[in-house]
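Novice: Would you mind keeping the following structure in view while I ask a few things?
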Amino acid sequence: MARPSISSREQERTVNKHMATVAVVLLSVSFLAAQQKTHTATLARGRYLVEGIGMCGDCHTPHNEKGEPIKEQWFKGAPLAFKPAVPMPVWADTAVNIAGLPGWTKEAAVKFMMTGIAYNGLPARPPMPQYRFNQQDAEAIVAYLQSLEPAKK
């Protein structure tokens with residue numbers, strides 16, 4: 001049985017469809033790679049701000065008897081090793097768990113990093129500073145902290 005011949009116009013349409021499909025796939029892959037690169041850069045910026053600038057681990061990470069941070073409990077909350085020189089009724093004796101930011105929405109955490117005001121409308125309790133990060137840095141900090149494994153209950 002003879003195979004029906006395909007006109008050159010039909011062949012051209014078929015080739016164009018395949019080329020369009022390949023173009024869409026390549027654009028999608030490029031877009032996803034760019035998004036991943038941006039996300040990785042955001043997390044790196046957040047890590048830099050949290051660990052290098054804010055030094056959050058000094059309070060939010062338990063330390064061993066030598067004063068070294070316990071890496072397995074990184075940002076999982078800890079009792080503070082210092083007290084105020086004068087009595088302060090709102091002093092926080094314990095730094096809370098910030099790994100994973102449990103109990104915080106992204107929006108509330110970003111607002112907190114930008115204004116120093118928590119989701120409950122109150123400022124951070126001393127000795128926590130009331131940071132005033134710009135939005136990009138606040139979002140990077142929140143992305144990094146949310147990427148960390150939360151403490152087990």
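Please note that chains go A, B, ... in the order of the structure tokens, that every chain numbers its residues from 1, and that ligands are numbered from 1 in the order shown.
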As an MDAnalysis selection string, please: all residues of segment 31-106 of chain A that backbone DSSP puts in helix (DSSP H, G or I).
Specialist: chainID A and resid 31:53 57:60 71:73 106
Novice: Just the selected residues (N, CA and C atoms), exported as a PDB file, in the first residue's frame, please.
Specialist:
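Wrote selection25.pdb, looks like this:
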ATOM      1  N   PHE A  31      14.361  30.463  31.798  1.00  0.00           N
ATOM      2  CA  PHE A  31      13.648  31.216  32.826  1.00  0.00           C
ATOM      3  C   PHE A  31      13.800  30.557  34.188  1.00  0.00           C
ATOM      4  N   LEU A  32      13.645  29.233  34.250  1.00  0.00           N
ATOM      5  CA  LEU A  32      13.784  28.518  35.517  1.00  0.00           C
ATOM      6  C   LEU A  32      15.208  28.614  36.051  1.00  0.00           C
ATOM      7  N   ALA A  33      16.196  28.543  35.174  1.00  0.00           N
ATOM      8  CA  ALA A  33      17.591  28.672  35.606  1.00  0.00           C
ATOM      9  C   ALA A  33      17.847  30.062  36.171  1.00  0.00           C
ATOM     10  N   ALA A  34      17.297  31.092  35.540  1.00  0.00           N
ATOM     11  CA  ALA A  34      17.464  32.465  36.026  1.00  0.00           C
ATOM     12  C   ALA A  34      16.792  32.634  37.379  1.00  0.00           C
ATOM     13  N   GLN A  35      15.608  32.053  37.551  1.00  0.00           N
ATOM     14  CA  GLN A  35      14.908  32.129  38.837  1.00  0.00           C
ATOM     15  C   GLN A  35      15.719  31.443  39.930  1.00  0.00           C
ATOM     16  N   GLN A  36      16.292  30.279  39.624  1.00  0.00           N
ATOM     17  CA  GLN A  36      17.090  29.548  40.607  1.00  0.00           C
ATOM     18  C   GLN A  36      18.323  30.361  40.997  1.00  0.00           C
ATOM     19  N   LYS A  37      18.959  30.993  40.011  1.00  0.00           N
ATOM     20  CA  LYS A  37      20.145  31.807  40.277  1.00  0.00           C
ATOM     21  C   LYS A  37      19.777  32.991  41.177  1.00  0.00           C
ATOM     22  N   THR A  38      18.644  33.628  40.913  1.00  0.00           N
ATOM     23  CA  THR A  38      18.182  34.752  41.728  1.00  0.00           C
ATOM     24  C   THR A  38      17.886  34.297  43.149  1.00  0.00           C
ATOM     25  N   HIS A  39      17.202  33.144  43.289  1.00  0.00           N
ATOM     26  CA  HIS A  39      16.868  32.618  44.619  1.00  0.00           C
ATOM     27  C   HIS A  39      18.142  32.287  45.398  1.00  0.00           C
ATOM     28  N   THR A  40      19.116  31.685  44.728  1.00  0.00           N
ATOM     29  CA  THR A  40      20.382  31.343  45.369  1.00  0.00           C
ATOM     30  C   THR A  40      21.105  32.613  45.830  1.00  0.00           C
ATOM     31  N   ALA A  41      21.097  33.656  45.002  1.00  0.00           N
ATOM     32  CA  ALA A  41      21.737  34.925  45.371  1.00  0.00           C
ATOM     33  C   ALA A  41      21.016  35.573  46.548  1.00  0.00           C
ATOM     34  N   THR A  42      19.692  35.479  46.578  1.00  0.00           N
ATOM     35  CA  THR A  42      18.912  36.041  47.688  1.00  0.00           C
ATOM     36  C   THR A  42      19.256  35.330  48.994  1.00  0.00           C
ATOM     37  N   LEU A  43      19.332  33.997  48.952  1.00  0.00           N
ATOM     38  CA  LEU A  43      19.678  33.240  50.157  1.00  0.00           C
ATOM     39  C   LEU A  43      21.099  33.576  50.629  1.00  0.00           C
ATOM     40  N   ALA A  44      22.023  33.730  49.684  1.00  0.00           N
ATOM     41  CA  ALA A  44      23.406  34.079  50.043  1.00  0.00           C
ATOM     42  C   ALA A  44      23.447  35.463  50.702  1.00  0.00           C
ATOM     43  N   ARG A  45      22.688  36.403  50.165  1.00  0.00           N
ATOM     44  CA  ARG A  45      22.632  37.748  50.748  1.00  0.00           C
ATOM     45  C   ARG A  45      22.028  37.684  52.156  1.00  0.00           C
ATOM     46  N   GLY A  46      20.954  36.921  52.305  1.00  0.00           N
ATOM     47  CA  GLY A  46      20.329  36.761  53.614  1.00  0.00           C
ATOM     48  C   GLY A  46      21.274  36.138  54.623  1.00  0.00           C
ATOM     49  N   ARG A  47      21.989  35.111  54.203  1.00  0.00           N
ATOM     50  CA  ARG A  47      22.956  34.461  55.103  1.00  0.00           C
ATOM     51  C   ARG A  47      24.032  35.464  55.538  1.00  0.00           C
ATOM     52  N   TYR A  48      24.542  36.230  54.592  1.00  0.00           N
ATOM     53  CA  TYR A  48      25.555  37.242  54.897  1.00  0.00           C
ATOM     54  C   TYR A  48      25.024  38.242  55.928  1.00  0.00           C
ATOM     55  N   LEU A  49      23.819  38.721  55.730  1.00  0.00           N
ATOM     56  CA  LEU A  49      23.248  39.714  56.648  1.00  0.00           C
ATOM     57  C   LEU A  49      22.979  39.124  58.032  1.00  0.00           C
ATOM     58  N   VAL A  50      22.482  37.891  58.076  1.00  0.00           N
ATOM     59  CA  VAL A  50      22.137  37.245  59.347  1.00  0.00           C
ATOM     60  C   VAL A  50      23.403  36.856  60.117  1.00  0.00           C
ATOM     61  N   GLU A  51      24.330  36.218  59.428  1.00  0.00           N
ATOM     62  CA  GLU A  51      25.503  35.681  60.119  1.00  0.00           C
ATOM     63  C   GLU A  51      26.643  36.694  60.236  1.00  0.00           C
ATOM     64  N   GLY A  52      26.843  37.515  59.209  1.00  0.00           N
ATOM     65  CA  GLY A  52      27.983  38.410  59.200  1.00  0.00           C
ATOM     66  C   GLY A  52      27.698  39.794  59.747  1.00  0.00           C
ATOM     67  N   ILE A  53      26.555  40.349  59.431  1.00  0.00           N
ATOM     68  CA  ILE A  53      26.227  41.715  59.842  1.00  0.00           C
ATOM     69  C   ILE A  53      25.424  41.714  61.148  1.00  0.00           C
ATOM     70  N   GLY A  57      23.440  34.683  65.461  1.00  0.00           N
ATOM     71  CA  GLY A  57      23.812  33.481  66.196  1.00  0.00           C
ATOM     72  C   GLY A  57      24.373  33.756  67.578  1.00  0.00           C
ATOM     73  N   ASP A  58      24.896  34.955  67.806  1.00  0.00           N
ATOM     74  CA  ASP A  58      25.442  35.274  69.129  1.00  0.00           C
ATOM     75  C   ASP A  58      24.392  35.113  70.221  1.00  0.00           C
ATOM     76  N   CYS A  59      23.163  35.460  69.918  1.00  0.00           N
ATOM     77  CA  CYS A  59      22.087  35.329  70.916  1.00  0.00           C
ATOM     78  C   CYS A  59      21.164  34.146  70.641  1.00  0.00           C
ATOM     79  N   HIS A  60      20.864  33.898  69.373  1.00  0.00           N
ATOM     80  CA  HIS A  60      19.840  32.912  69.024  1.00  0.00           C
ATOM     81  C   HIS A  60      20.369  31.492  68.899  1.00  0.00           C
ATOM     82  N   LYS A  71      26.653  24.171  66.556  1.00  0.00           N
ATOM     83  CA  LYS A  71      26.177  24.246  65.166  1.00  0.00           C
ATOM     84  C   LYS A  71      24.895  23.433  64.933  1.00  0.00           C
ATOM     85  N   GLU A  72      24.725  22.332  65.635  1.00  0.00           N
ATOM     86  CA  GLU A  72      23.516  21.512  65.457  1.00  0.00           C
ATOM     87  C   GLU A  72      22.262  22.235  65.950  1.00  0.00           C
ATOM     88  N   GLN A  73      22.450  23.300  66.717  1.00  0.00           N
ATOM     89  CA  GLN A  73      21.315  24.049  67.253  1.00  0.00           C
ATOM     90  C   GLN A  73      21.321  25.492  66.747  1.00  0.00           C
ATOM     91  N   LYS A 106       5.677  35.500  56.002  1.00  0.00           N
ATOM     92  CA  LYS A 106       6.757  36.212  55.306  1.00  0.00           C
ATOM     93  C   LYS A 106       6.543  37.722  55.438  1.00  0.00           C
TER      94      LYS A 106
END
Novice: Looking only at the backbone, which of the residues in segment 13-141 of chain A does DSSP tag as strand (DSSP E or B), as a PyMOL selection string?
Specialist: chain A and resi 63+69+78-79+94-95+117+123
Novice: For the atom pair atom CA of Ala95 of chain A and atom CA of Ala81 of chain A, what is the interatomic distance in Å to one decimal place?
Specialist: 10.1 Å
Novice: Would you mind listing what lies within 8 Å of Leu101 of chain A as an MDAnalysis selection string, with only C-alpha atoms counted and same-chain residues fewer than 3 positions away left out?
Specialist: chainID A and resid 97:98 104 142 145:146 150
Novice: Export N, CA and C atoms of the chosen residues as a short mmCIF file (atom, residue, chain, number, x, y, z; two decimals), in the first residue's frame?
Specialist:
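Okay, this is what ended up in part-v2.cif:
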data_model
loop_
_atom_site.label_atom_id
_atom_site.label_comp_id
_atom_site.auth_asym_id
_atom_site.auth_seq_id
_atom_site.Cartn_x
_atom_site.Cartn_y
_atom_site.Cartn_z
N ASN A 97 13.69 30.92 69.03
CA ASN A 97 14.06 30.14 67.85
C ASN A 97 13.72 30.94 66.60
N ILE A 98 14.70 31.19 65.76
CA ILE A 98 14.43 31.89 64.49
C ILE A 98 14.68 30.99 63.28
N TRP A 104 5.66 33.00 62.07
CA TRP A 104 5.75 34.26 61.32
C TRP A 104 5.35 34.03 59.87
N VAL A 142 14.64 37.14 55.59
CA VAL A 142 13.50 36.25 55.83
C VAL A 142 13.62 34.99 54.99
N LEU A 145 16.29 32.76 56.69
CA LEU A 145 15.83 32.16 57.95
C LEU A 145 14.74 31.13 57.71
N GLN A 146 13.84 31.39 56.76
CA GLN A 146 12.78 30.42 56.45
C GLN A 146 13.34 29.16 55.79
N PRO A 150 13.49 24.18 61.04
CA PRO A 150 13.01 24.66 62.35
C PRO A 150 13.41 23.69 63.47
#
Novice: Just want the 6 Å neighbourhood of segment 124-133 of chain A, counted on only C-alpha atoms, with same-chain residues fewer than 6 positions away dropped. Output as an NGL selection string.
Specialist: :A and (91-92 or 113-116)
Novice: Go ahead and dump the residues you just picked, N, CA and C atoms, as a tab-separated table (two decimals), in the first residue's frame.
Specialist:
chain	number	residue	atom	x	y	z
A	91	TRP	N	13.06	43.17	79.46
A	91	TRP	CA	14.25	42.44	78.99
A	91	TRP	C	13.89	40.99	78.67
A	92	ALA	N	14.35	40.52	77.53
A	92	ALA	CA	14.14	39.12	77.14
A	92	ALA	C	15.30	38.28	77.66
A	113	MET	N	11.65	43.21	60.16
A	113	MET	CA	13.03	43.55	59.82
A	113	MET	C	13.17	44.98	59.31
A	114	MET	N	12.08	45.53	58.78
A	114	MET	CA	12.12	46.90	58.24
A	114	MET	C	11.75	47.96	59.29
A	115	THR	N	10.94	47.57	60.28
A	115	THR	CA	10.42	48.57	61.23
A	115	THR	C	10.76	48.29	62.69
A	116	GLY	N	11.09	47.04	63.00
A	116	GLY	CA	11.31	46.68	64.40
A	116	GLY	C	10.03	46.38	65.14
Novice: For Glu139 of chain A, which of A:Glu10, A:Met55, A:Val15, A:Lys111 is the closest residue, counting only C-alpha atoms?
Specialist: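 Among A:Glu10, A:Met55, A:Val15, A:Lys111, it is A:Lys111 that comes nearest to Glu139 of chain A.
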